[in-house]
file start-v4.cif (mmCIF, C-alpha atoms)
data_coords
loop_
_atom_site.label_atom_id
_atom_site.label_comp_id
_atom_site.auth_asym_id
_atom_site.auth_seq_id
_atom_site.Cartn_x
_atom_site.Cartn_y
_atom_site.Cartn_z
CA MET A 817 7.49 -103.84 -115.12
CA LYS A 818 4.45 -101.83 -116.23
CA LYS A 819 2.42 -103.35 -113.41
CA LEU A 820 5.09 -102.52 -110.88
CA ILE A 821 5.08 -98.90 -112.07
CA LEU A 822 1.26 -98.84 -111.87
CA CYS A 823 1.36 -100.13 -108.27
CA LEU A 824 3.99 -97.55 -107.36
CA VAL A 825 1.82 -94.81 -108.88
CA ILE A 826 -1.16 -95.97 -106.75
CA LEU A 827 1.00 -95.99 -103.61
CA LEU A 828 2.35 -92.52 -104.43
CA MET A 829 -1.18 -91.22 -104.99
CA MET A 830 -2.20 -92.60 -101.60
CA ALA A 831 0.83 -91.00 -99.99
CA GLY A 832 0.03 -87.76 -101.78
CA CYS A 833 -3.38 -87.62 -100.11
CA GLY A 834 -1.79 -87.25 -96.70
CA LYS A 835 0.86 -84.74 -97.76
CA LYS A 836 0.97 -81.59 -95.68
CA GLU A 837 0.79 -78.34 -97.59
CA GLU A 838 4.08 -76.47 -97.45
CA PRO A 839 3.88 -72.74 -96.69
CA VAL A 840 4.42 -70.69 -99.86
CA ALA A 841 6.65 -67.64 -99.75
CA VAL A 842 4.82 -64.53 -100.97
CA ASP A 843 5.70 -60.90 -101.40
CA ASP A 844 4.93 -59.27 -98.06
CA GLY A 845 4.06 -55.84 -99.52
CA PRO A 846 3.92 -52.78 -97.26
CA LYS A 847 4.44 -53.58 -93.58
CA VAL A 848 1.51 -52.98 -91.26
CA THR A 849 1.87 -52.93 -87.50
CA VAL A 850 -0.91 -54.78 -85.73
CA THR A 851 -1.51 -54.45 -82.02
CA ILE A 852 -2.89 -57.68 -80.54
CA ASP A 853 -5.10 -57.39 -77.50
CA THR A 854 -3.92 -60.17 -75.23
CA THR A 855 -6.59 -59.73 -72.57
CA GLU A 856 -8.99 -62.69 -72.58
CA PRO A 857 -12.45 -61.90 -73.93
CA GLU A 858 -15.42 -62.48 -71.68
CA LYS A 859 -16.28 -66.19 -71.87
CA LYS A 860 -19.63 -67.18 -73.33
CA PRO A 861 -19.64 -70.97 -72.92
CA GLU A 862 -22.81 -71.61 -74.89
CA GLU A 863 -21.57 -69.71 -77.96
CA GLU A 864 -18.18 -71.46 -77.95
CA LYS A 865 -19.64 -74.95 -78.19
CA GLU A 866 -19.50 -76.59 -81.58
CA LEU A 867 -23.00 -77.35 -82.86
CA ILE A 868 -23.66 -80.68 -84.56
CA ASP A 869 -26.95 -80.16 -86.35
CA ILE A 870 -28.44 -83.39 -87.66
CA SER A 871 -32.06 -82.30 -87.38
CA PHE A 872 -32.40 -81.68 -91.15
CA MET A 873 -31.34 -85.23 -92.03
CA ASN A 874 -33.58 -88.24 -92.66
CA GLY A 875 -34.22 -90.87 -89.99
CA ASN A 876 -31.56 -93.26 -91.28
CA MET A 877 -28.82 -90.66 -91.08
CA ILE A 878 -29.89 -89.40 -87.66
CA TYR A 879 -30.09 -93.00 -86.44
CA SER A 880 -26.53 -93.66 -87.67
CA GLU A 881 -25.07 -90.53 -86.08
CA ILE A 882 -26.70 -91.29 -82.72
CA TYR A 883 -25.29 -94.82 -82.99
CA ASN A 884 -21.85 -93.25 -83.56
CA MET A 885 -22.40 -91.15 -80.43
CA THR A 886 -23.01 -94.29 -78.39
CA VAL A 887 -19.92 -96.03 -79.81
CA SER A 888 -17.50 -93.10 -79.41
CA PRO A 889 -19.17 -90.73 -76.92
CA GLN A 890 -15.87 -89.08 -75.94
CA GLU A 891 -15.65 -87.53 -79.43
CA TYR A 892 -18.87 -85.58 -78.81
CA ASN A 893 -18.02 -84.30 -75.33
CA GLY A 894 -18.40 -80.55 -75.01
CA LYS A 895 -20.44 -80.28 -78.20
CA ARG A 896 -24.00 -79.12 -78.65
CA ILE A 897 -26.33 -81.47 -80.52
CA ARG A 898 -29.47 -80.59 -82.48
CA VAL A 899 -31.54 -83.63 -83.37
CA LYS A 900 -35.02 -84.50 -84.65
CA GLY A 901 -36.99 -87.49 -83.38
CA GLN A 902 -40.09 -88.73 -81.63
CA PHE A 903 -40.94 -87.59 -78.12
CA ALA A 904 -40.80 -90.40 -75.55
CA ILE A 905 -41.12 -90.78 -71.78
CA GLY A 906 -39.31 -93.36 -69.68
CA GLU A 907 -37.97 -94.08 -66.22
CA ASP A 908 -34.39 -94.29 -65.01
CA PRO A 909 -33.29 -97.16 -62.70
CA ASN A 910 -34.29 -95.06 -59.66
CA GLY A 911 -37.84 -94.62 -60.94
CA ASN A 912 -37.45 -90.97 -61.92
CA ARG A 913 -39.25 -89.77 -65.03
CA ILE A 914 -36.94 -89.03 -67.97
CA PHE A 915 -37.81 -87.44 -71.30
CA GLY A 916 -36.31 -88.75 -74.49
CA CYS A 917 -36.06 -88.45 -78.24
CA ILE A 918 -36.34 -91.70 -80.22
CA VAL A 919 -35.11 -92.19 -83.80
CA PRO A 920 -36.01 -95.32 -85.80
CA ASP A 921 -33.97 -96.43 -88.85
CA ALA A 922 -35.28 -96.93 -92.39
CA LEU A 923 -36.43 -100.50 -91.81
CA GLY A 924 -38.17 -99.61 -88.57
CA CYS A 925 -36.58 -102.56 -86.78
CA CYS A 926 -33.87 -100.54 -85.05
CA GLN A 927 -34.17 -97.54 -82.75
CA GLN A 928 -31.70 -95.20 -81.11
CA GLY A 929 -32.64 -92.81 -78.35
CA LEU A 930 -31.24 -90.06 -76.21
CA GLY A 931 -32.55 -88.36 -73.09
CA PHE A 932 -32.82 -84.63 -72.51
CA GLU A 933 -33.15 -82.19 -69.65
CA LEU A 934 -34.78 -78.87 -70.52
CA SER A 935 -33.17 -75.63 -69.38
CA GLU A 936 -36.55 -73.99 -68.79
CA ALA A 937 -39.06 -75.29 -66.24
CA ARG A 938 -42.09 -76.94 -67.84
CA LYS A 939 -45.06 -78.67 -66.30
CA TYR A 940 -45.80 -82.26 -67.27
CA PRO A 941 -48.00 -83.17 -69.12
CA GLU A 942 -49.47 -79.75 -70.05
CA ASP A 943 -46.30 -78.27 -71.53
CA TYR A 944 -45.05 -81.40 -73.26
CA PRO A 945 -46.04 -82.99 -76.59
CA SER A 946 -47.75 -86.36 -76.68
CA THR A 947 -45.65 -89.53 -77.01
CA GLY A 948 -44.54 -90.20 -80.58
CA GLU A 949 -44.93 -86.61 -81.70
CA GLU A 950 -42.00 -85.23 -83.74
CA ILE A 951 -39.75 -82.83 -81.86
CA ILE A 952 -36.41 -81.08 -82.32
CA ILE A 953 -34.07 -81.05 -79.33
CA GLU A 954 -30.92 -78.98 -78.97
CA GLY A 955 -28.72 -79.48 -75.93
CA ASP A 956 -25.22 -80.07 -74.52
CA PHE A 957 -23.92 -83.59 -75.04
CA THR A 958 -23.31 -85.60 -71.87
CA TYR A 959 -23.23 -89.32 -71.28
CA THR A 960 -23.20 -91.86 -68.50
CA GLU A 961 -21.87 -95.37 -68.86
CA ASN A 962 -22.88 -98.46 -66.91
CA GLU A 963 -22.25 -102.18 -67.23
CA PHE A 964 -24.81 -102.63 -70.00
CA MET A 965 -25.08 -99.43 -71.98
CA ILE A 966 -24.08 -95.85 -72.67
CA MET A 967 -26.86 -93.38 -71.95
CA ILE A 968 -26.74 -90.05 -73.77
CA VAL A 969 -28.44 -87.05 -72.15
CA LEU A 970 -28.66 -83.60 -73.74
CA LYS A 971 -28.52 -81.11 -70.89
CA ASN A 972 -29.47 -77.45 -70.87
CA ALA A 973 -31.79 -78.35 -73.75
CA LYS A 974 -34.37 -76.48 -75.80
CA MET A 975 -37.35 -78.28 -77.33
CA GLU A 976 -39.21 -77.24 -80.50
CA ASP A 977 -41.95 -78.78 -82.61
CA ALA A 978 -40.52 -80.37 -85.76
CA MET B 961 -28.54 -80.72 -104.65
CA ILE B 962 -24.74 -80.31 -104.82
CA ARG B 963 -24.90 -77.78 -101.98
CA GLU B 964 -26.95 -80.24 -99.95
CA LEU B 965 -24.44 -83.00 -100.74
CA LEU B 966 -21.58 -80.78 -99.59
CA VAL B 967 -23.41 -80.16 -96.32
CA TYR B 968 -23.79 -83.93 -95.83
CA LEU B 969 -20.13 -84.48 -96.73
CA SER B 970 -19.08 -82.11 -93.96
CA TYR B 971 -20.10 -84.86 -91.51
CA PRO B 972 -17.32 -87.42 -90.96
CA PHE B 973 -19.64 -90.45 -90.95
CA VAL B 974 -20.93 -89.58 -94.44
CA ARG B 975 -17.39 -89.11 -95.77
CA TYR B 976 -16.33 -92.43 -94.26
CA ALA B 977 -19.31 -94.14 -95.93
CA PHE B 978 -18.37 -92.84 -99.38
CA ILE B 979 -14.66 -93.70 -99.03
CA ALA B 980 -15.32 -97.22 -97.78
CA GLY B 981 -18.24 -97.75 -100.20
CA ILE B 982 -16.21 -96.87 -103.31
CA LEU B 983 -13.21 -98.97 -102.25
CA ILE B 984 -15.31 -102.00 -101.35
CA ALA B 985 -17.29 -101.77 -104.60
CA LEU B 986 -14.05 -101.63 -106.59
CA CYS B 987 -12.52 -104.66 -104.87
CA SER B 988 -15.66 -106.78 -104.95
CA SER B 989 -16.08 -106.20 -108.68
CA LEU B 990 -12.50 -107.33 -109.40
CA LEU B 991 -13.12 -110.47 -107.42
CA GLY B 992 -16.55 -110.96 -108.97
CA VAL B 993 -15.19 -111.52 -112.47
CA ILE B 994 -12.93 -114.34 -111.23
CA LEU B 995 -15.61 -115.96 -109.09
CA VAL B 996 -18.27 -115.89 -111.80
CA LEU B 997 -15.85 -117.38 -114.36
CA LYS B 998 -14.66 -120.06 -111.91
CA ARG B 999 -18.31 -120.88 -111.11
CA TYR B 1000 -17.83 -119.99 -107.46
CA SER B 1001 -20.50 -117.29 -107.44
CA TYR B 1002 -22.12 -118.57 -104.30
CA ILE B 1003 -18.98 -118.82 -102.18
CA GLY B 1004 -19.47 -115.17 -101.24
CA ASP B 1005 -22.82 -116.00 -99.72
CA GLY B 1006 -21.40 -118.87 -97.67
CA LEU B 1007 -18.42 -116.90 -96.41
CA SER B 1008 -20.53 -113.88 -95.53
CA HIS B 1009 -22.66 -116.06 -93.29
CA VAL B 1010 -19.52 -117.43 -91.65
CA ALA B 1011 -18.49 -113.80 -91.11
CA PHE B 1012 -21.92 -113.15 -89.59
CA GLY B 1013 -21.38 -116.05 -87.16
CA ALA B 1014 -17.94 -114.67 -86.23
CA MET B 1015 -19.43 -111.21 -85.75
CA SER B 1016 -22.02 -112.63 -83.37
CA VAL B 1017 -19.23 -114.20 -81.31
CA ALA B 1018 -17.41 -110.83 -81.28
CA LEU B 1019 -20.58 -109.08 -80.07
CA VAL B 1020 -21.16 -111.72 -77.40
CA LEU B 1021 -17.58 -111.23 -76.20
CA ASP B 1022 -18.23 -107.47 -76.15
CA LEU B 1023 -15.55 -106.82 -78.75
CA VAL B 1024 -17.57 -104.37 -80.83
CA LYS B 1025 -14.66 -102.13 -81.80
CA GLU B 1026 -12.24 -105.02 -82.29
CA LYS B 1027 -14.71 -107.22 -84.17
CA MET B 1028 -12.66 -107.13 -87.40
CA PHE B 1029 -9.82 -108.95 -85.63
CA ILE B 1030 -12.12 -111.92 -85.01
CA ILE B 1031 -14.17 -111.88 -88.20
CA LEU B 1032 -11.24 -111.56 -90.61
CA PRO B 1033 -9.13 -114.56 -89.44
CA VAL B 1034 -12.18 -116.85 -89.10
CA THR B 1035 -13.40 -116.02 -92.61
CA ILE B 1036 -9.92 -116.35 -94.13
CA ILE B 1037 -9.41 -119.80 -92.54
CA THR B 1038 -12.84 -120.94 -93.78
CA ALA B 1039 -12.15 -119.67 -97.31
CA VAL B 1040 -8.78 -121.44 -97.41
CA LEU B 1041 -10.32 -124.70 -96.17
CA LEU B 1042 -13.19 -124.44 -98.67
CA LEU B 1043 -10.93 -123.92 -101.68
CA ARG B 1044 -8.07 -126.20 -100.62
CA HIS B 1045 -10.00 -129.37 -99.95
CA GLY B 1046 -11.31 -129.28 -103.52
CA GLN B 1047 -13.11 -132.36 -104.72
CA ASN B 1048 -11.41 -134.99 -102.54
CA THR B 1049 -13.94 -135.06 -99.74
CA LYS B 1050 -17.13 -136.96 -98.98
CA ILE B 1051 -19.14 -133.74 -99.07
CA ASN B 1052 -18.85 -131.98 -102.43
CA GLY B 1053 -18.22 -128.26 -103.01
CA ASP B 1054 -21.69 -126.74 -103.22
CA ALA B 1055 -23.07 -128.87 -100.37
CA ARG B 1056 -20.13 -127.81 -98.20
CA ILE B 1057 -20.76 -124.14 -98.93
CA ALA B 1058 -24.49 -124.53 -98.28
CA MET B 1059 -23.91 -126.33 -94.96
CA LEU B 1060 -21.42 -123.72 -93.80
CA SER B 1061 -23.71 -120.92 -94.86
CA VAL B 1062 -26.84 -122.12 -93.10
CA GLY B 1063 -24.96 -123.48 -90.08
CA SER B 1064 -23.11 -120.22 -89.44
CA LEU B 1065 -26.23 -118.13 -89.92
CA ALA B 1066 -28.16 -120.27 -87.44
CA LEU B 1067 -25.33 -120.31 -84.90
CA GLY B 1068 -24.83 -116.56 -85.17
CA TYR B 1069 -28.51 -115.81 -84.60
CA LEU B 1070 -28.65 -118.31 -81.74
CA PHE B 1071 -25.61 -116.73 -80.03
CA MET B 1072 -27.10 -113.28 -80.28
CA ASN B 1073 -30.35 -114.45 -78.76
CA VAL B 1074 -28.96 -116.66 -75.98
CA PHE B 1075 -26.17 -114.28 -74.88
CA LYS B 1076 -28.01 -111.00 -75.25
CA VAL B 1077 -25.42 -108.25 -75.36
CA SER B 1078 -27.80 -105.46 -76.21
CA SER B 1079 -31.44 -104.86 -75.50
CA ASN B 1080 -32.13 -104.66 -79.22
CA VAL B 1081 -31.18 -108.04 -80.70
CA SER B 1082 -33.44 -107.65 -83.73
CA ALA B 1083 -31.72 -104.36 -84.56
CA ASP B 1084 -28.24 -105.91 -84.38
CA VAL B 1085 -29.28 -108.85 -86.56
CA CYS B 1086 -31.15 -106.63 -89.00
CA THR B 1087 -28.22 -104.26 -89.45
CA THR B 1088 -25.71 -107.07 -89.89
CA LEU B 1089 -27.83 -109.06 -92.33
CA PHE B 1090 -29.24 -106.27 -94.48
CA GLY B 1091 -26.63 -103.56 -93.91
CA SER B 1092 -29.28 -100.92 -93.32
CA THR B 1093 -26.87 -98.52 -91.64
CA SER B 1094 -23.55 -100.37 -91.10
CA ILE B 1095 -21.65 -98.28 -93.66
CA LEU B 1096 -22.85 -95.10 -91.92
CA THR B 1097 -21.50 -96.22 -88.56
CA LEU B 1098 -17.85 -96.88 -89.42
CA THR B 1099 -15.10 -95.66 -87.12
CA LYS B 1100 -11.98 -93.89 -88.41
CA GLY B 1101 -9.95 -97.04 -87.62
CA GLU B 1102 -12.29 -99.22 -89.67
CA VAL B 1103 -12.03 -96.82 -92.62
CA TRP B 1104 -8.23 -97.00 -92.46
CA LEU B 1105 -8.30 -100.80 -92.26
CA CYS B 1106 -10.71 -100.89 -95.19
CA SER B 1107 -8.48 -98.55 -97.25
CA ILE B 1108 -5.31 -100.53 -96.58
CA LEU B 1109 -6.94 -103.90 -97.32
CA SER B 1110 -8.56 -102.54 -100.48
CA LEU B 1111 -5.24 -101.16 -101.69
CA LEU B 1112 -3.59 -104.53 -101.04
CA VAL B 1113 -6.30 -106.32 -103.02
CA VAL B 1114 -5.94 -103.96 -106.01
CA VAL B 1115 -2.13 -104.19 -105.97
CA LEU B 1116 -2.26 -108.01 -105.72
CA PHE B 1117 -4.76 -108.13 -108.60
CA ILE B 1118 -2.55 -105.96 -110.83
CA LEU B 1119 0.68 -107.82 -110.00
CA MET B 1120 -0.86 -111.26 -110.44
CA TYR B 1121 -3.18 -110.40 -113.31
CA ASN B 1122 -1.68 -112.87 -115.84
CA ARG B 1123 -1.53 -115.76 -113.34
CA ILE B 1124 -5.05 -115.09 -112.13
CA PHE B 1125 -6.18 -115.02 -115.76
CA ALA B 1126 -4.53 -118.41 -116.41
CA VAL B 1127 -5.85 -120.06 -113.23
CA THR B 1128 -9.35 -118.67 -113.83
CA PHE B 1129 -9.78 -119.97 -117.36
CA ASP B 1130 -7.96 -123.31 -117.32
CA GLU B 1131 -6.49 -124.42 -114.03
CA THR B 1132 -5.31 -127.80 -115.36
CA PHE B 1133 -3.47 -126.21 -118.28
CA ALA B 1134 -1.95 -123.60 -115.97
CA GLN B 1135 -0.74 -126.42 -113.68
CA ALA B 1136 0.71 -128.31 -116.65
CA THR B 1137 2.68 -125.25 -117.71
CA GLY B 1138 4.33 -125.01 -114.29
CA THR B 1139 2.09 -122.45 -112.59
CA ARG B 1140 1.77 -123.09 -108.84
CA THR B 1141 -2.03 -123.10 -108.94
CA ASP B 1142 -2.29 -124.11 -105.27
CA ILE B 1143 -0.50 -120.92 -104.20
CA TYR B 1144 -2.68 -118.74 -106.43
CA ASN B 1145 -5.81 -120.46 -105.14
CA LEU B 1146 -4.61 -119.80 -101.58
CA VAL B 1147 -4.03 -116.11 -102.33
CA LEU B 1148 -7.42 -116.00 -104.03
CA ALA B 1149 -9.09 -117.53 -100.96
CA ILE B 1150 -7.52 -114.92 -98.69
CA VAL B 1151 -8.53 -112.09 -101.01
CA ILE B 1152 -12.10 -113.45 -101.23
CA ALA B 1153 -12.37 -113.58 -97.45
CA VAL B 1154 -11.02 -110.04 -97.03
CA ILE B 1155 -13.47 -108.62 -99.56
CA ILE B 1156 -16.42 -110.50 -98.08
CA VAL B 1157 -15.67 -109.12 -94.62
CA LEU B 1158 -15.31 -105.60 -96.00
CA SER B 1159 -18.49 -105.90 -98.06
CA MET B 1160 -20.49 -106.86 -94.98
CA ASN B 1161 -20.20 -103.24 -93.89
CA LEU B 1162 -21.59 -102.00 -97.16
CA VAL B 1163 -24.53 -104.22 -97.98
CA GLY B 1164 -24.87 -106.67 -95.10
CA SER B 1165 -24.18 -110.38 -95.24
CA LEU B 1166 -27.35 -111.40 -97.12
CA LEU B 1167 -26.68 -109.07 -100.06
CA ILE B 1168 -22.94 -109.63 -100.55
CA SER B 1169 -23.43 -112.02 -103.45
CA ALA B 1170 -25.18 -109.24 -105.35
CA LEU B 1171 -22.21 -106.92 -104.93
CA VAL B 1172 -19.84 -109.63 -106.16
CA ILE B 1173 -21.91 -111.08 -109.01
CA PHE B 1174 -24.00 -108.24 -110.51
CA PRO B 1175 -21.22 -105.96 -111.83
CA ALA B 1176 -19.34 -108.89 -113.42
CA VAL B 1177 -22.42 -110.41 -115.07
CA THR B 1178 -23.60 -106.96 -116.20
CA ALA B 1179 -20.24 -106.24 -117.84
CA MET B 1180 -20.34 -109.65 -119.57
CA GLN B 1181 -23.53 -108.62 -121.39
CA LEU B 1182 -21.59 -106.12 -123.52
CA PHE B 1183 -17.92 -107.01 -123.26
CA LYS B 1184 -16.16 -110.26 -124.14
CA SER B 1185 -12.45 -110.04 -123.20
CA PHE B 1186 -11.31 -110.66 -119.62
CA ARG B 1187 -9.64 -107.24 -119.44
CA ASN B 1188 -12.64 -105.28 -120.76
CA VAL B 1189 -15.04 -107.19 -118.52
CA THR B 1190 -12.83 -106.47 -115.48
CA ILE B 1191 -12.57 -102.73 -116.23
CA ALA B 1192 -16.30 -102.38 -117.04
CA SER B 1193 -17.22 -104.39 -113.94
CA ALA B 1194 -15.13 -102.10 -111.72
CA LEU B 1195 -16.71 -98.97 -113.24
CA ILE B 1196 -20.27 -100.33 -112.97
CA SER B 1197 -19.73 -101.37 -109.37
CA VAL B 1198 -18.29 -98.02 -108.26
CA VAL B 1199 -20.98 -96.01 -110.09
CA CYS B 1200 -23.78 -98.16 -108.62
CA ALA B 1201 -22.31 -97.91 -105.11
CA CYS B 1202 -22.12 -94.11 -105.42
CA CYS B 1203 -25.68 -93.86 -106.79
CA GLY B 1204 -27.00 -96.19 -104.08
CA LEU B 1205 -25.24 -94.24 -101.34
CA LEU B 1206 -26.50 -90.91 -102.70
CA VAL B 1207 -30.11 -92.14 -102.82
CA ALA B 1208 -29.77 -93.62 -99.32
CA VAL B 1209 -28.34 -90.37 -97.94
CA PHE B 1210 -30.95 -88.11 -99.55
CA ARG B 1211 -34.03 -90.34 -99.39
CA GLY B 1212 -33.33 -92.29 -96.19
CA THR B 1213 -33.57 -95.73 -97.82
CA PRO B 1214 -31.55 -98.70 -96.47
CA VAL B 1215 -28.02 -98.44 -97.91
CA GLY B 1216 -27.41 -102.11 -98.77
CA SER B 1217 -30.62 -102.80 -100.63
CA THR B 1218 -30.46 -99.44 -102.46
CA ILE B 1219 -27.01 -100.29 -103.85
CA VAL B 1220 -28.18 -103.74 -104.90
CA VAL B 1221 -31.25 -102.26 -106.64
CA ALA B 1222 -28.94 -99.83 -108.50
CA ASP B 1223 -26.87 -102.86 -109.63
CA LEU B 1224 -30.05 -104.64 -110.71
CA VAL B 1225 -31.27 -101.65 -112.77
CA VAL B 1226 -27.91 -101.34 -114.57
CA PHE B 1227 -27.93 -105.09 -115.25
CA VAL B 1228 -31.40 -104.88 -116.88
CA ILE B 1229 -30.26 -101.92 -119.04
CA PHE B 1230 -27.08 -103.74 -120.16
CA TYR B 1231 -29.05 -106.94 -120.76
CA ILE B 1232 -31.51 -105.13 -123.07
CA ILE B 1233 -28.66 -103.35 -124.90
CA GLY B 1234 -26.94 -106.75 -125.30
CA ILE B 1235 -30.06 -108.29 -126.88
CA VAL B 1236 -30.56 -105.33 -129.21
CA ARG B 1237 -26.91 -105.41 -130.28
CA SER B 1238 -26.93 -109.13 -131.03
CA ARG B 1239 -29.86 -108.78 -133.46
#
call {"tool": "encode", "arguments": {"input": "start-v4.cif", "output": "structure tokens"}}
result
Amino acid sequence: MKKLILCLVILLMMAGCGKKEEPVAVDDGPKVTVTIDTTEPEKKPEEEKELIDISFMNGNMIYSEIYNMTVSPQEYNGKRIRVKGQFAIGEDPNGNRIFGCIVPDALGCCQQGLGFELSEARKYPEDYPSTGEEIIIEGDFTYTENEFMIMIVLKNAKMEDA
Amino acid sequence: MIRELLVYLSYPFVRYAFIAGILIALCSSLLGVILVLKRYSYIGDGLSHVAFGAMSVALVLDLVKEKMFIILPVTIITAVLLLRHGQNTKINGDARIAMLSVGSLALGYLFMNVFKVSSNVSADVCTTLFGSTSILTLTKGEVWLCSILSLLVVVLFILMYNRIFAVTFDETFAQATGTRTDIYNLVLAIVIAVIIVLSMNLVGSLLISALVIFPAVTAMQLFKSFRNVTIASALISVVCACCGLLVAVFRGTPVGSTIVVADLVVFVIFYIIGIVRSR
């Protein structure tokens, strides 16, 4: 019987975790009339985007979060990402040069990477760091999916030295 | 440090890691006491390699998100077969476990190499075997599955505590007194398989034995009764998992091996205290 009660307590505790908070009635106090401006404010798309800043984390954590981005990219759509990694250069299937940010994990056997497109015009190679140099990239999350992989590209990006 | 931890905890993948890590550590420690006492310590190793083989098949079939639905049944069936066939076979218990372990590991690695599903085979193998980042890459669905299965394991353990105690210490006597030992062994096999599959996410398949054995053996250095050993084992396992996860999050070390090292350190401390106390 004791065990049954203990199990029920555990189940109730679990159920309690998901319980919605009920609104509590409070004394309203003096009434204040508030005029709400219903006209839409001027849209500033860049400011509205939620920023996911993982640039302060260690390589293992950044690696894991980029992995999560490749597994569930739809959850990051419309968000702005700030990430730290190593500068890399590659080519897309059409032979165009693409710039990327590579993040190895703690063991060094695994790597995750994402591409980026800078918002400002820069000349290559003068205005770019050398391959492997640590950089911080902040840009809008976009992704393309093909038969083999999901490719993440941060658009409208800014690049800083780490 | 607490402020920094709160910042980390604002990221869902870190929260998922702590929830799953604590639950898995709790369940594996409960199981560990039984397995160590029944002298089945190494079954965890064998089953984890079977789970690795099943995971390879899931990856080859491009069922990354649904991999649990392949790994779990395969591991459960293997665990049931391993425990049910007992001694009445040409190949005895430990040889059977060893063959399964090595065979599954080899097949899994071969599958991943022959049917390359990703460009980074070494990364996939490395993560699965050593659990360098697996716990940090859980989806919300996997965390829910992990929570439900963990809760089931704990509830089963509490409800069947007396029977498990009887079957663990003297199976023949338990059978003679009318206990359906075959049913309890079957339930035990299923629970073992579930915990092994869950633990793979935390420490990787090569380090699962550590998660199962260390807390139980550590608790046995200071405590003698089954109940005290079980409670102490659960506490040690959860504390070590939390410490390991914290170090991994802050210092960037591989999660699995950091947790196992935390278990090892606590074992050495308890071992020394045990020696000092016995003098």
call {"tool": "resolve_selection", "arguments": {"input": "start-v4.cif", "expression": "the PyMOL selection byres ((chain B and resi 1101) around 12)", "output": "VMD selection string"}}
result
(chain A and resid 888) or (chain B and resid 976 980 1025 to 1028 1097 to 1100 1102 to 1108)
call {"tool": "write_last_selection", "arguments": {"input": "start-v4.cif", "atoms": "C-alpha atoms", "output": "PDB file, keeping the file's coordinate frame"}}
result
ATOM      1  CA  SER A 888     -17.500 -93.100 -79.410  1.00  0.00           C
TER       2      SER A 888
ATOM      3  CA  TYR B 976     -16.330 -92.430 -94.260  1.00  0.00           C
ATOM      4  CA  ALA B 980     -15.320 -97.220 -97.780  1.00  0.00           C
ATOM      5  CA  LYS B1025     -14.660-102.130 -81.800  1.00  0.00           C
ATOM      6  CA  GLU B1026     -12.240-105.020 -82.290  1.00  0.00           C
ATOM      7  CA  LYS B1027     -14.710-107.220 -84.170  1.00  0.00           C
ATOM      8  CA  MET B1028     -12.660-107.130 -87.400  1.00  0.00           C
ATOM      9  CA  THR B1097     -21.500 -96.220 -88.560  1.00  0.00           C
ATOM     10  CA  LEU B1098     -17.850 -96.880 -89.420  1.00  0.00           C
ATOM     11  CA  THR B1099     -15.100 -95.660 -87.120  1.00  0.00           C
ATOM     12  CA  LYS B1100     -11.980 -93.890 -88.410  1.00  0.00           C
ATOM     13  CA  GLU B1102     -12.290 -99.220 -89.670  1.00  0.00           C
ATOM     14  CA  VAL B1103     -12.030 -96.820 -92.620  1.00  0.00           C
ATOM     15  CA  TRP B1104      -8.230 -97.000 -92.460  1.00  0.00           C
ATOM     16  CA  LEU B1105      -8.300-100.800 -92.260  1.00  0.00           C
ATOM     17  CA  CYS B1106     -10.710-100.890 -95.190  1.00  0.00           C
ATOM     18  CA  SER B1107      -8.480 -98.550 -97.250  1.00  0.00           C
ATOM     19  CA  ILE B1108      -5.310-100.530 -96.580  1.00  0.00           C
TER      20      ILE B1108
END
call {"tool": "atom_distance", "arguments": {"input": "start-v4.cif", "atom1": "atom CA of B:Met961", "atom2": "atom CA of B:Gly1212"}}
result
15.1 Å
call {"tool": "atom_distance", "arguments": {"input": "start-v4.cif", "atom1": "atom CA of B:Gly1091", "atom2": "atom CA of A:Arg898"}}
result
25.8 Å
call {"tool": "residues_around", "arguments": {"input": "start-v4.cif", "residues": "B:Leu965", "least_positions_apart": "4", "cutoff": "10 Å", "atoms": "all atoms listed in the file", "output": "list in words"}}
result
Met961, Leu969, Ser970, Val974, Leu1206, Val1209 and Phe1210 of chain B
call {"tool": "write_last_selection", "arguments": {"input": "start-v4.cif", "atoms": "C-alpha atoms", "output": "PDB file, in the frame of the given file"}}
result
ATOM      1  CA  MET B 961     -28.540 -80.720-104.650  1.00  0.00           C
ATOM      2  CA  LEU B 969     -20.130 -84.480 -96.730  1.00  0.00           C
ATOM      3  CA  SER B 970     -19.080 -82.110 -93.960  1.00  0.00           C
ATOM      4  CA  VAL B 974     -20.930 -89.580 -94.440  1.00  0.00           C
ATOM      5  CA  LEU B1206     -26.500 -90.910-102.700  1.00  0.00           C
ATOM      6  CA  VAL B1209     -28.340 -90.370 -97.940  1.00  0.00           C
ATOM      7  CA  PHE B1210     -30.950 -88.110 -99.550  1.00  0.00           C
TER       8      PHE B1210
END
call {"tool": "closest_residue", "arguments": {"input": "start-v4.cif", "among": "B:Leu990, B:Leu997, B:Ala1011, B:Ala1176", "to": "B:Met1160", "atoms": "all atoms listed in the file"}}
result
B:Ala1011
call {"tool": "resolve_selection", "arguments": {"input": "start-v4.cif", "expression": "the PyMOL selection byres ((chain B) within 7 of (chain A))", "output": "list in words"}}
result
Ser1082, Ala1083, Thr1093, Leu1096, Thr1097, Val1115, Ile1118, Leu1119, Val1209, Gly1212, Thr1213 and Pro1214 of chain B
call {"tool": "residues_around", "arguments": {"input": "start-v4.cif", "residues": "B:Val1215", "least_positions_apart": "4", "cutoff": "9 Å", "atoms": "only C-alpha atoms", "output": "PyMOL selection string"}}
result
chain B and resi 1090-1096+1162-1163+1204-1205+1207-1209+1219-1220
